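Structure, as structure tokens:
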Protein chains: 2
Amino acid sequence: MRRKIRKYKNTIVLLSGGLDSSTLAYLVAKKSPPYLKNRVYSLTFDYGQSHKKELKSAKKIAKKIGAVEHKIVKFDLTLWGGSSLTDRKIKIPQNRKIPESGSIPNTYVPARNTIFLTFALAYAEAIKADEIYIGVNSIDYSGYVDCRPAFIKKFQELVKVATVAGVKGKAVKIKTSLIKMTKAEIVKVGEKIGVPWGSTWSCYMGEKLACGVCDSCQLRLKGFAQAGVRDPLKYKRLPKFYSQWLIKK
Amino acid sequence: MRRKIRKYKNTIVLLSGGLDSSTLAYLVAKKSPPYLKNRVYSLTFDYGQSHKKELKSAKKIAKKIGAVEHKIVKFDLTLWGGSSLTDRKIKIPQNRKIPESGSIPNTYVPARNTIFLTFALAYAEAIKADEIYIGVNSIDYSGYVDCRPAFIKKFQELVKVATVAGVKGKAVKIKTSLIKMTKAEIVKVGEKIGVPWGSTWSCYMGEKLACGVCDSCQLRLKGFAQAGVRDPLKYKRLPKFYSQWLIKK
């Protein structure tokens with residue numbers, strides 16, 4: 001009897017519609033070799049974020065990468081807030097000097113990545129996924145505790161005891177391909193594989209034009225500037241240190 | 001200068017409205033000594049469960065214990081199903097012999113307790129809670145992997161790296177007071193502290209009367225029978241082994 005060879009793998013990609021997760025989605029969709037069909041399932045969260053606009057970007061990217069399905073899980077983190085992204089009474093910082101070492105800005109959403117990964121885990125258990133990709137980054141980031149390798153490592157350990165697949169020794173793998181890359185490196189990779197930057201969204205403000213000065217806009221603009229790539233998005237204004245970033249190119 | 005003494009603690013209780021979590025909520029609300037005000041925050045999930053009816057019970061219990069606030073987080077696990085509780089096409093087993101060792105019934109909802117605990121973690125981070133109580137039980141239970149001490153232990157480790165409080169050495173504590181108790185013991189404790197059994201709900205079917213023969217009804221009836229306590233709920237019928245449980249009293 002011939003051994004049955006599985007001809008595909010199921011991969012879940014957490015897709016916010018931002019620069020990192022969109023690049024990651026493109027990477028995952030493109031990287032599968034011809035002999036192994038990589039079925040990409042994209043997963044997005046509508047959690048009451050100030051920049052709900054990113055959901056439109058996520059939908060566009062999911063379509064462009066040909067995701068098998070794109071699920072949007074909706075829940076409301078404004079129920080308890082605790083972040084400027086989920087509590088409209090707290091002001092989202094603008095023109096802050098980034099990175100500001102040692103401090104975690106108020107855009108930190110309590111346990112957000114744990115919630116995201118946990119829903120991915122449930123989804124993975126239901127569709128028997130092999131891998132979950134999350135675009136966390138601990139280099140050009142805002143100091144969020146749940147973006148660090150130590151967090152991912154511990155979550156991977158949890159998977160082994162928290163799911164049936166895990167207990168059976170087939171724990172879904174948490175993949176963080178971008179975790180050690182600078183934003184400029186991510187932009188370069190994305191540019192190479194044709195990420196449609198104009199379809200992505202990063203600004204926390206979620207208005208018609210990107211504000212240019214929230215942390216997320218600043219990190220994005222810095223990445224593009226240092227990578228020497230043009231960002232097709234239109235910005236209301238440019239951050240104070242923009243010219244310095246360009247020089248570093 | 002006198003040391004500032006904190007006069008209260010914030011406690012989150014995961015409250016489904018069932019027998020275990022209602023008993024736990026009563027325990028937590030009653031156990032605080034007079035010099036330490038225990039502010040109880042109850043948390044319930046509307047996740048597309050077959051027995052949505054339990055939400056009404058959760059509301060009643062939260063009110064009766066005088067919870068500071070009762071949050072109901074809504075999300076939809078029927079998006080991917082994978083369980084008879086979240087996929088109407090899968091039949092909820094009835095009159096199954098319990099416990100049936102080694103097998104996990106289809107009422108297992110992928111990663112459900114991880115999701116529940118993670119939302120509690122986010123809530124805890126936002127309100128600076130000291131403790132999270134979850135009514136998991138690994139004695140008279142259905143074999144769900146995320147009810148076992150090994151799971152809770154690993155989740156506690158995760159808390160330490162996943163949250164700001166955790167990183168600062170003030171990780172919220174996950175408490176599982178019922179984990180090693182039999183259902184009969186839980187009923188006895190609950191009876192002693194006056195849990196209003198008629199306001200709780202356990203049946204997976206979520207119809208007008210409790211079915212009496214789903215796993216959840218059976219575990220409940222067995223607990224009451226072995227504890228020698230009368231369950232005021234009305235049942236459509238009684239399970240096959242009911243008389244044997246009564247004898248063990």
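Labeling convention for the structure tokens: chains A, B, ... as they appear, residues from 1 per chain, ligands from 1 in order of appearance.
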
With a distance threshold of 9 Å and counting only C-alpha atoms, extract the residues of chain B near chain A and express them as an NGL selection string.
-> :B and (71-77 or 79-83 or 104 or 109-115 or 118-119 or 121-127 or 144-148 or 150-152 or 154-155 or 157-158 or 160-164 or 167)

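Excluding range 135-141 of chain B itself and any same-chain residue fewer than 6 positions from it, the protein and nucleic acid residues within 9 Å of it, counting only C-alpha atoms, are Val13, Leu14, Leu15, Asp20, Ser21, Ser22, Thr23, Leu24, Ala25, Ile98, Pro99, Asn113, Cys147, Arg148, Pro149, Lys175, Thr176, Ser177, Leu178, Ile179, Lys180, Met181, Thr182, Lys183, Ala184, Asp215, Ser216, Leu219 and Gly223 of chain B.
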
Quick one: pick out all strand (DSSP E or B) residues within range 105-241 of chain B from a backbone DSSP run and write them as JSON, numbers by chain.
-> {"B": [131, 132, 133, 173, 174, 175, 210, 214, 235]}

Emit the selected residues as a short mmCIF file (atom, residue, chain, number, x, y, z; two decimals), in the first residue's frame, including all heavy atoms.
```cif
data_model
loop_
_atom_site.label_atom_id
_atom_site.label_comp_id
_atom_site.auth_asym_id
_atom_site.auth_seq_id
_atom_site.Cartn_x
_atom_site.Cartn_y
_atom_site.Cartn_z
N GLU B 131 -7.22 39.07 40.31
CA GLU B 131 -7.49 37.64 40.13
C GLU B 131 -8.57 37.41 39.07
O GLU B 131 -9.49 38.21 38.93
CB GLU B 131 -8.00 37.04 41.45
CG GLU B 131 -6.98 37.09 42.58
CD GLU B 131 -7.56 36.68 43.94
OE1 GLU B 131 -8.80 36.78 44.12
OE2 GLU B 131 -6.79 36.27 44.81
N ILE B 132 -8.42 36.30 38.37
CA ILE B 132 -9.46 35.84 37.45
C ILE B 132 -9.89 34.46 37.92
O ILE B 132 -9.04 33.56 38.06
CB ILE B 132 -8.92 35.72 36.00
CG1 ILE B 132 -8.52 37.09 35.44
CG2 ILE B 132 -9.93 35.03 35.10
CD1 ILE B 132 -7.73 37.02 34.13
N TYR B 133 -11.17 34.28 38.16
CA TYR B 133 -11.69 32.97 38.57
C TYR B 133 -12.38 32.29 37.39
O TYR B 133 -13.21 32.90 36.73
CB TYR B 133 -12.68 33.12 39.73
CG TYR B 133 -12.02 33.31 41.06
CD1 TYR B 133 -11.56 34.56 41.46
CD2 TYR B 133 -11.81 32.23 41.93
CE1 TYR B 133 -10.92 34.74 42.68
CE2 TYR B 133 -11.18 32.41 43.15
CZ TYR B 133 -10.74 33.66 43.53
OH TYR B 133 -10.10 33.83 44.73
N LYS B 173 -3.68 36.70 38.74
CA LYS B 173 -3.65 35.27 39.10
C LYS B 173 -4.88 34.55 38.55
O LYS B 173 -6.00 35.02 38.74
CB LYS B 173 -3.61 35.11 40.62
CG LYS B 173 -2.27 35.48 41.20
CD LYS B 173 -2.15 34.94 42.64
CE LYS B 173 -0.92 35.53 43.31
NZ LYS B 173 -1.14 36.91 43.82
N ILE B 174 -4.66 33.40 37.94
CA ILE B 174 -5.77 32.59 37.45
C ILE B 174 -6.14 31.60 38.55
O ILE B 174 -5.31 30.79 38.96
CB ILE B 174 -5.38 31.80 36.17
CG1 ILE B 174 -4.65 32.69 35.15
CG2 ILE B 174 -6.60 31.12 35.56
CD1 ILE B 174 -5.48 33.77 34.53
N LYS B 175 -7.37 31.68 39.02
CA LYS B 175 -7.80 30.84 40.13
C LYS B 175 -8.84 29.83 39.66
O LYS B 175 -9.80 30.19 38.98
CB LYS B 175 -8.43 31.71 41.23
CG LYS B 175 -7.52 32.84 41.71
CD LYS B 175 -6.48 32.32 42.66
CE LYS B 175 -6.57 33.02 43.98
NZ LYS B 175 -5.61 32.50 44.97
N ALA B 210 -34.97 21.70 30.40
CA ALA B 210 -33.67 21.02 30.25
C ALA B 210 -33.93 19.61 29.73
O ALA B 210 -34.89 18.95 30.15
CB ALA B 210 -32.96 20.98 31.60
N CYS B 214 -28.37 15.35 27.71
CA CYS B 214 -27.09 15.78 27.11
C CYS B 214 -26.01 15.59 28.19
O CYS B 214 -26.34 15.40 29.37
CB CYS B 214 -27.15 17.23 26.63
SG CYS B 214 -27.28 18.44 27.96
N TYR B 235 -36.93 18.84 34.12
CA TYR B 235 -36.28 18.10 33.04
C TYR B 235 -37.32 17.39 32.19
O TYR B 235 -38.30 16.86 32.71
CB TYR B 235 -35.29 17.09 33.61
CG TYR B 235 -34.07 17.76 34.21
CD1 TYR B 235 -34.08 18.21 35.54
CD2 TYR B 235 -32.93 17.98 33.45
CE1 TYR B 235 -32.98 18.84 36.09
CE2 TYR B 235 -31.82 18.62 34.00
CZ TYR B 235 -31.85 19.05 35.31
OH TYR B 235 -30.77 19.69 35.84
#
```

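Using only C-alpha atoms, the smallest distance between any of B:Ile92, B:Val229, B:Ala58, B:Leu221 and Gln244 in chain B comes from B:Leu221.
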
May I have the residues within 10 Å of Trp197 in chain A as a list in words, using only C-alpha atoms and disregarding those fewer than 6 positions away in the same chain?
-> Gly17, Gly18, Leu19, Ser22, Thr23, Ser57, Ile61, Val187, Gly190, Glu191, Arg230, Asp231, Pro232 and Leu233 of chain A

Same residues, all heavy atoms, saved as a short mmCIF file (atom, residue, chain, number, x, y, z; two decimals), in the first residue's frame:
```cif
data_model
loop_
_atom_site.label_atom_id
_atom_site.label_comp_id
_atom_site.auth_asym_id
_atom_site.auth_seq_id
_atom_site.Cartn_x
_atom_site.Cartn_y
_atom_site.Cartn_z
N GLY A 17 -4.46 44.34 7.43
CA GLY A 17 -4.55 45.27 6.31
C GLY A 17 -3.44 46.31 6.35
O GLY A 17 -3.36 47.19 5.50
N GLY A 18 -2.56 46.20 7.35
CA GLY A 18 -1.43 47.11 7.48
C GLY A 18 -0.24 46.65 6.65
O GLY A 18 -0.32 45.65 5.92
N LEU A 19 0.84 47.39 6.79
CA LEU A 19 2.05 47.12 6.01
C LEU A 19 2.63 45.73 6.31
O LEU A 19 2.90 44.95 5.41
CB LEU A 19 3.05 48.22 6.36
CG LEU A 19 4.34 48.37 5.57
CD1 LEU A 19 4.88 49.78 5.80
CD2 LEU A 19 5.39 47.36 5.97
N SER A 22 0.16 42.64 5.56
CA SER A 22 -0.08 42.50 4.12
C SER A 22 1.14 41.91 3.44
O SER A 22 1.03 41.03 2.57
CB SER A 22 -0.43 43.86 3.50
OG SER A 22 -1.61 44.37 4.07
N THR A 23 2.32 42.37 3.86
CA THR A 23 3.55 41.80 3.30
C THR A 23 3.64 40.32 3.65
O THR A 23 3.96 39.47 2.81
CB THR A 23 4.79 42.55 3.85
OG1 THR A 23 4.67 43.93 3.50
CG2 THR A 23 6.08 42.00 3.29
N SER A 57 -8.90 47.43 3.74
CA SER A 57 -7.60 47.02 3.20
C SER A 57 -7.41 45.52 3.34
O SER A 57 -6.95 44.85 2.42
CB SER A 57 -6.47 47.77 3.91
OG SER A 57 -6.53 49.14 3.59
N ILE A 61 -6.62 42.88 0.32
CA ILE A 61 -5.41 42.04 0.29
C ILE A 61 -5.80 40.55 0.25
O ILE A 61 -5.24 39.77 -0.51
CB ILE A 61 -4.50 42.32 1.52
CG1 ILE A 61 -4.06 43.80 1.54
CG2 ILE A 61 -3.30 41.39 1.54
CD1 ILE A 61 -3.12 44.21 0.41
N VAL A 187 9.61 46.63 4.00
CA VAL A 187 9.19 47.37 2.81
C VAL A 187 9.92 46.84 1.57
O VAL A 187 9.32 46.62 0.52
CB VAL A 187 9.43 48.89 2.98
CG1 VAL A 187 9.20 49.62 1.66
CG2 VAL A 187 8.50 49.45 4.06
N GLY A 190 8.49 43.47 0.63
CA GLY A 190 7.14 43.66 0.08
C GLY A 190 7.18 44.23 -1.32
O GLY A 190 6.43 43.81 -2.21
N GLU A 191 8.08 45.18 -1.51
CA GLU A 191 8.22 45.82 -2.83
C GLU A 191 8.62 44.78 -3.89
O GLU A 191 8.09 44.77 -4.99
CB GLU A 191 9.28 46.94 -2.73
CG GLU A 191 9.50 47.74 -3.99
CD GLU A 191 8.35 48.69 -4.32
OE1 GLU A 191 7.43 48.83 -3.47
OE2 GLU A 191 8.36 49.27 -5.41
N ARG A 230 8.74 54.47 -2.68
CA ARG A 230 7.70 55.49 -2.59
C ARG A 230 6.43 54.88 -2.01
O ARG A 230 5.97 53.83 -2.47
CB ARG A 230 7.41 56.05 -3.99
CG ARG A 230 6.71 57.42 -3.98
CD ARG A 230 6.35 57.86 -5.39
NE ARG A 230 5.19 57.13 -5.89
CZ ARG A 230 3.92 57.46 -5.64
NH1 ARG A 230 3.64 58.52 -4.91
NH2 ARG A 230 2.92 56.74 -6.13
N ASP A 231 5.87 55.53 -1.00
CA ASP A 231 4.59 55.10 -0.44
C ASP A 231 3.48 55.83 -1.20
O ASP A 231 3.40 57.05 -1.15
CB ASP A 231 4.55 55.46 1.05
CG ASP A 231 3.27 54.99 1.75
OD1 ASP A 231 2.37 54.50 1.05
OD2 ASP A 231 3.19 55.12 2.99
N PRO A 232 2.63 55.08 -1.90
CA PRO A 232 1.61 55.75 -2.72
C PRO A 232 0.48 56.39 -1.90
O PRO A 232 -0.32 57.15 -2.46
CB PRO A 232 1.06 54.61 -3.59
CG PRO A 232 1.32 53.37 -2.81
CD PRO A 232 2.58 53.62 -2.03
N LEU A 233 0.41 56.10 -0.60
CA LEU A 233 -0.66 56.70 0.21
C LEU A 233 -0.46 58.21 0.32
O LEU A 233 0.67 58.70 0.27
CB LEU A 233 -0.68 56.10 1.62
CG LEU A 233 -1.23 54.70 1.80
CD1 LEU A 233 -1.45 54.41 3.29
CD2 LEU A 233 -2.55 54.49 1.06
#
```

Just list the residues in range 7-244 of chain A DSSP gives alpha helix (DSSP H) on the backbone, as a ChimeraX atom specification.
-> /A:19-31,54-64,112-127,149-162,164-167,183-192,215-227,242-244

note - CA of Ser16 in chain A and CA of Leu246 in chain A are separated by 26.9 Å

At a cut-off of 10 Å, using only C-alpha atoms, what residues contact Met205 in chain A? Leave out same-chain residues fewer than 5 positions from it and give the result as a tab-separated table (two decimals) with all heavy atoms, in the first residue's frame.
```
chain	number	residue	atom	x	y	z
A	49	GLN	N	-11.71	49.12	16.85
A	49	GLN	CA	-10.52	49.95	16.68
A	49	GLN	C	-10.88	51.30	16.05
A	49	GLN	O	-11.82	51.39	15.27
A	49	GLN	CB	-9.46	49.23	15.82
A	49	GLN	CG	-9.85	48.88	14.39
A	49	GLN	CD	-10.41	47.47	14.25
A	49	GLN	OE1	-11.39	47.14	14.89
A	49	GLN	NE2	-9.84	46.69	13.36
A	50	SER	N	-10.08	52.29	16.43
A	50	SER	CA	-10.28	53.65	15.89
A	50	SER	C	-10.13	53.64	14.37
A	50	SER	O	-10.79	54.41	13.68
A	50	SER	CB	-9.22	54.58	16.49
A	50	SER	OG	-7.92	54.00	16.33
A	51	HIS	N	-9.28	52.78	13.87
A	51	HIS	CA	-9.00	52.75	12.43
A	51	HIS	C	-9.67	51.55	11.78
A	51	HIS	O	-9.05	50.72	11.14
A	51	HIS	CB	-7.50	52.76	12.17
A	51	HIS	CG	-6.73	51.71	12.95
A	51	HIS	ND1	-6.94	51.45	14.28
A	51	HIS	CD2	-5.74	50.87	12.57
A	51	HIS	CE1	-6.12	50.48	14.67
A	51	HIS	NE2	-5.40	50.12	13.65
A	52	LYS	N	-10.98	51.52	11.94
A	52	LYS	CA	-11.78	50.44	11.36
A	52	LYS	C	-11.57	50.37	9.84
A	52	LYS	O	-11.81	49.34	9.21
A	52	LYS	CB	-13.26	50.71	11.68
A	52	LYS	CG	-14.16	49.55	11.33
A	52	LYS	CD	-15.59	49.72	11.80
A	52	LYS	CE	-16.42	48.60	11.18
A	52	LYS	NZ	-17.63	48.30	11.93
A	53	LYS	N	-11.12	51.49	9.32
A	53	LYS	CA	-10.84	51.58	7.89
A	53	LYS	C	-9.89	50.48	7.42
A	53	LYS	O	-9.93	50.07	6.26
A	53	LYS	CB	-10.21	52.96	7.63
A	53	LYS	CG	-10.14	53.33	6.19
A	53	LYS	CD	-9.62	54.75	6.00
A	53	LYS	CE	-9.29	54.95	4.52
A	53	LYS	NZ	-8.90	56.34	4.25
A	85	LEU	N	-6.84	53.31	21.22
A	85	LEU	CA	-7.46	52.76	20.00
A	85	LEU	C	-8.87	52.22	20.27
A	85	LEU	O	-9.64	51.99	19.34
A	85	LEU	CB	-6.60	51.63	19.42
A	85	LEU	CG	-5.18	51.98	18.97
A	85	LEU	CD1	-4.58	50.84	18.15
A	85	LEU	CD2	-5.12	53.27	18.16
A	92	ILE	N	-5.14	59.69	20.80
A	92	ILE	CA	-4.06	58.96	20.14
A	92	ILE	C	-2.87	59.92	19.98
A	92	ILE	O	-3.03	61.01	19.44
A	92	ILE	CB	-4.53	58.45	18.75
A	92	ILE	CG1	-5.67	57.43	18.93
A	92	ILE	CG2	-3.37	57.85	17.96
A	92	ILE	CD1	-6.36	57.02	17.65
A	93	PRO	N	-1.67	59.52	20.46
A	93	PRO	CA	-0.53	60.45	20.39
A	93	PRO	C	-0.11	60.74	18.95
A	93	PRO	O	-0.14	59.84	18.09
A	93	PRO	CB	0.59	59.71	21.13
A	93	PRO	CG	0.06	58.40	21.53
A	93	PRO	CD	-1.33	58.23	21.06
A	94	GLN	N	0.23	61.99	18.71
A	94	GLN	CA	0.71	62.36	17.39
A	94	GLN	C	2.02	63.13	17.55
A	94	GLN	O	2.22	63.84	18.53
A	94	GLN	CB	-0.35	63.19	16.67
A	94	GLN	CG	-1.58	62.32	16.33
A	94	GLN	CD	-2.55	63.02	15.41
A	94	GLN	OE1	-3.13	64.03	15.76
A	94	GLN	NE2	-2.75	62.46	14.23
A	210	ALA	N	-4.25	59.55	5.55
A	210	ALA	CA	-3.41	59.14	6.69
A	210	ALA	C	-2.86	60.40	7.35
A	210	ALA	O	-2.49	61.35	6.67
A	210	ALA	CB	-2.28	58.25	6.19
A	211	CYS	N	-2.82	60.39	8.69
A	211	CYS	CA	-2.43	61.62	9.41
A	211	CYS	C	-0.95	61.93	9.26
A	211	CYS	O	-0.55	63.09	9.28
A	211	CYS	CB	-2.81	61.53	10.89
A	211	CYS	SG	-1.70	60.50	11.89
A	212	GLY	N	-0.13	60.87	9.12
A	212	GLY	CA	1.31	61.09	8.94
A	212	GLY	C	2.09	61.21	10.23
A	212	GLY	O	3.32	61.09	10.22
A	213	VAL	N	1.41	61.42	11.35
A	213	VAL	CA	2.15	61.71	12.58
A	213	VAL	C	1.81	60.82	13.78
A	213	VAL	O	2.41	60.96	14.85
A	213	VAL	CB	2.01	63.20	12.97
A	213	VAL	CG1	2.79	64.08	11.99
A	213	VAL	CG2	0.55	63.63	13.01
A	214	CYS	N	0.85	59.90	13.62
A	214	CYS	CA	0.65	58.94	14.71
A	214	CYS	C	1.82	57.95	14.65
A	214	CYS	O	2.56	57.93	13.65
A	214	CYS	CB	-0.69	58.20	14.56
A	214	CYS	SG	-0.77	57.07	13.15
A	216	SER	N	1.98	54.86	14.14
A	216	SER	CA	1.89	53.89	13.06
A	216	SER	C	2.29	54.52	11.72
A	216	SER	O	3.03	53.93	10.93
A	216	SER	CB	0.48	53.31	13.01
A	216	SER	OG	0.41	52.25	12.11
A	217	CYS	N	1.81	55.73	11.46
A	217	CYS	CA	2.21	56.46	10.25
A	217	CYS	C	3.71	56.72	10.26
A	217	CYS	O	4.39	56.57	9.25
A	217	CYS	CB	1.48	57.80	10.16
A	217	CYS	SG	-0.16	57.68	9.39
```
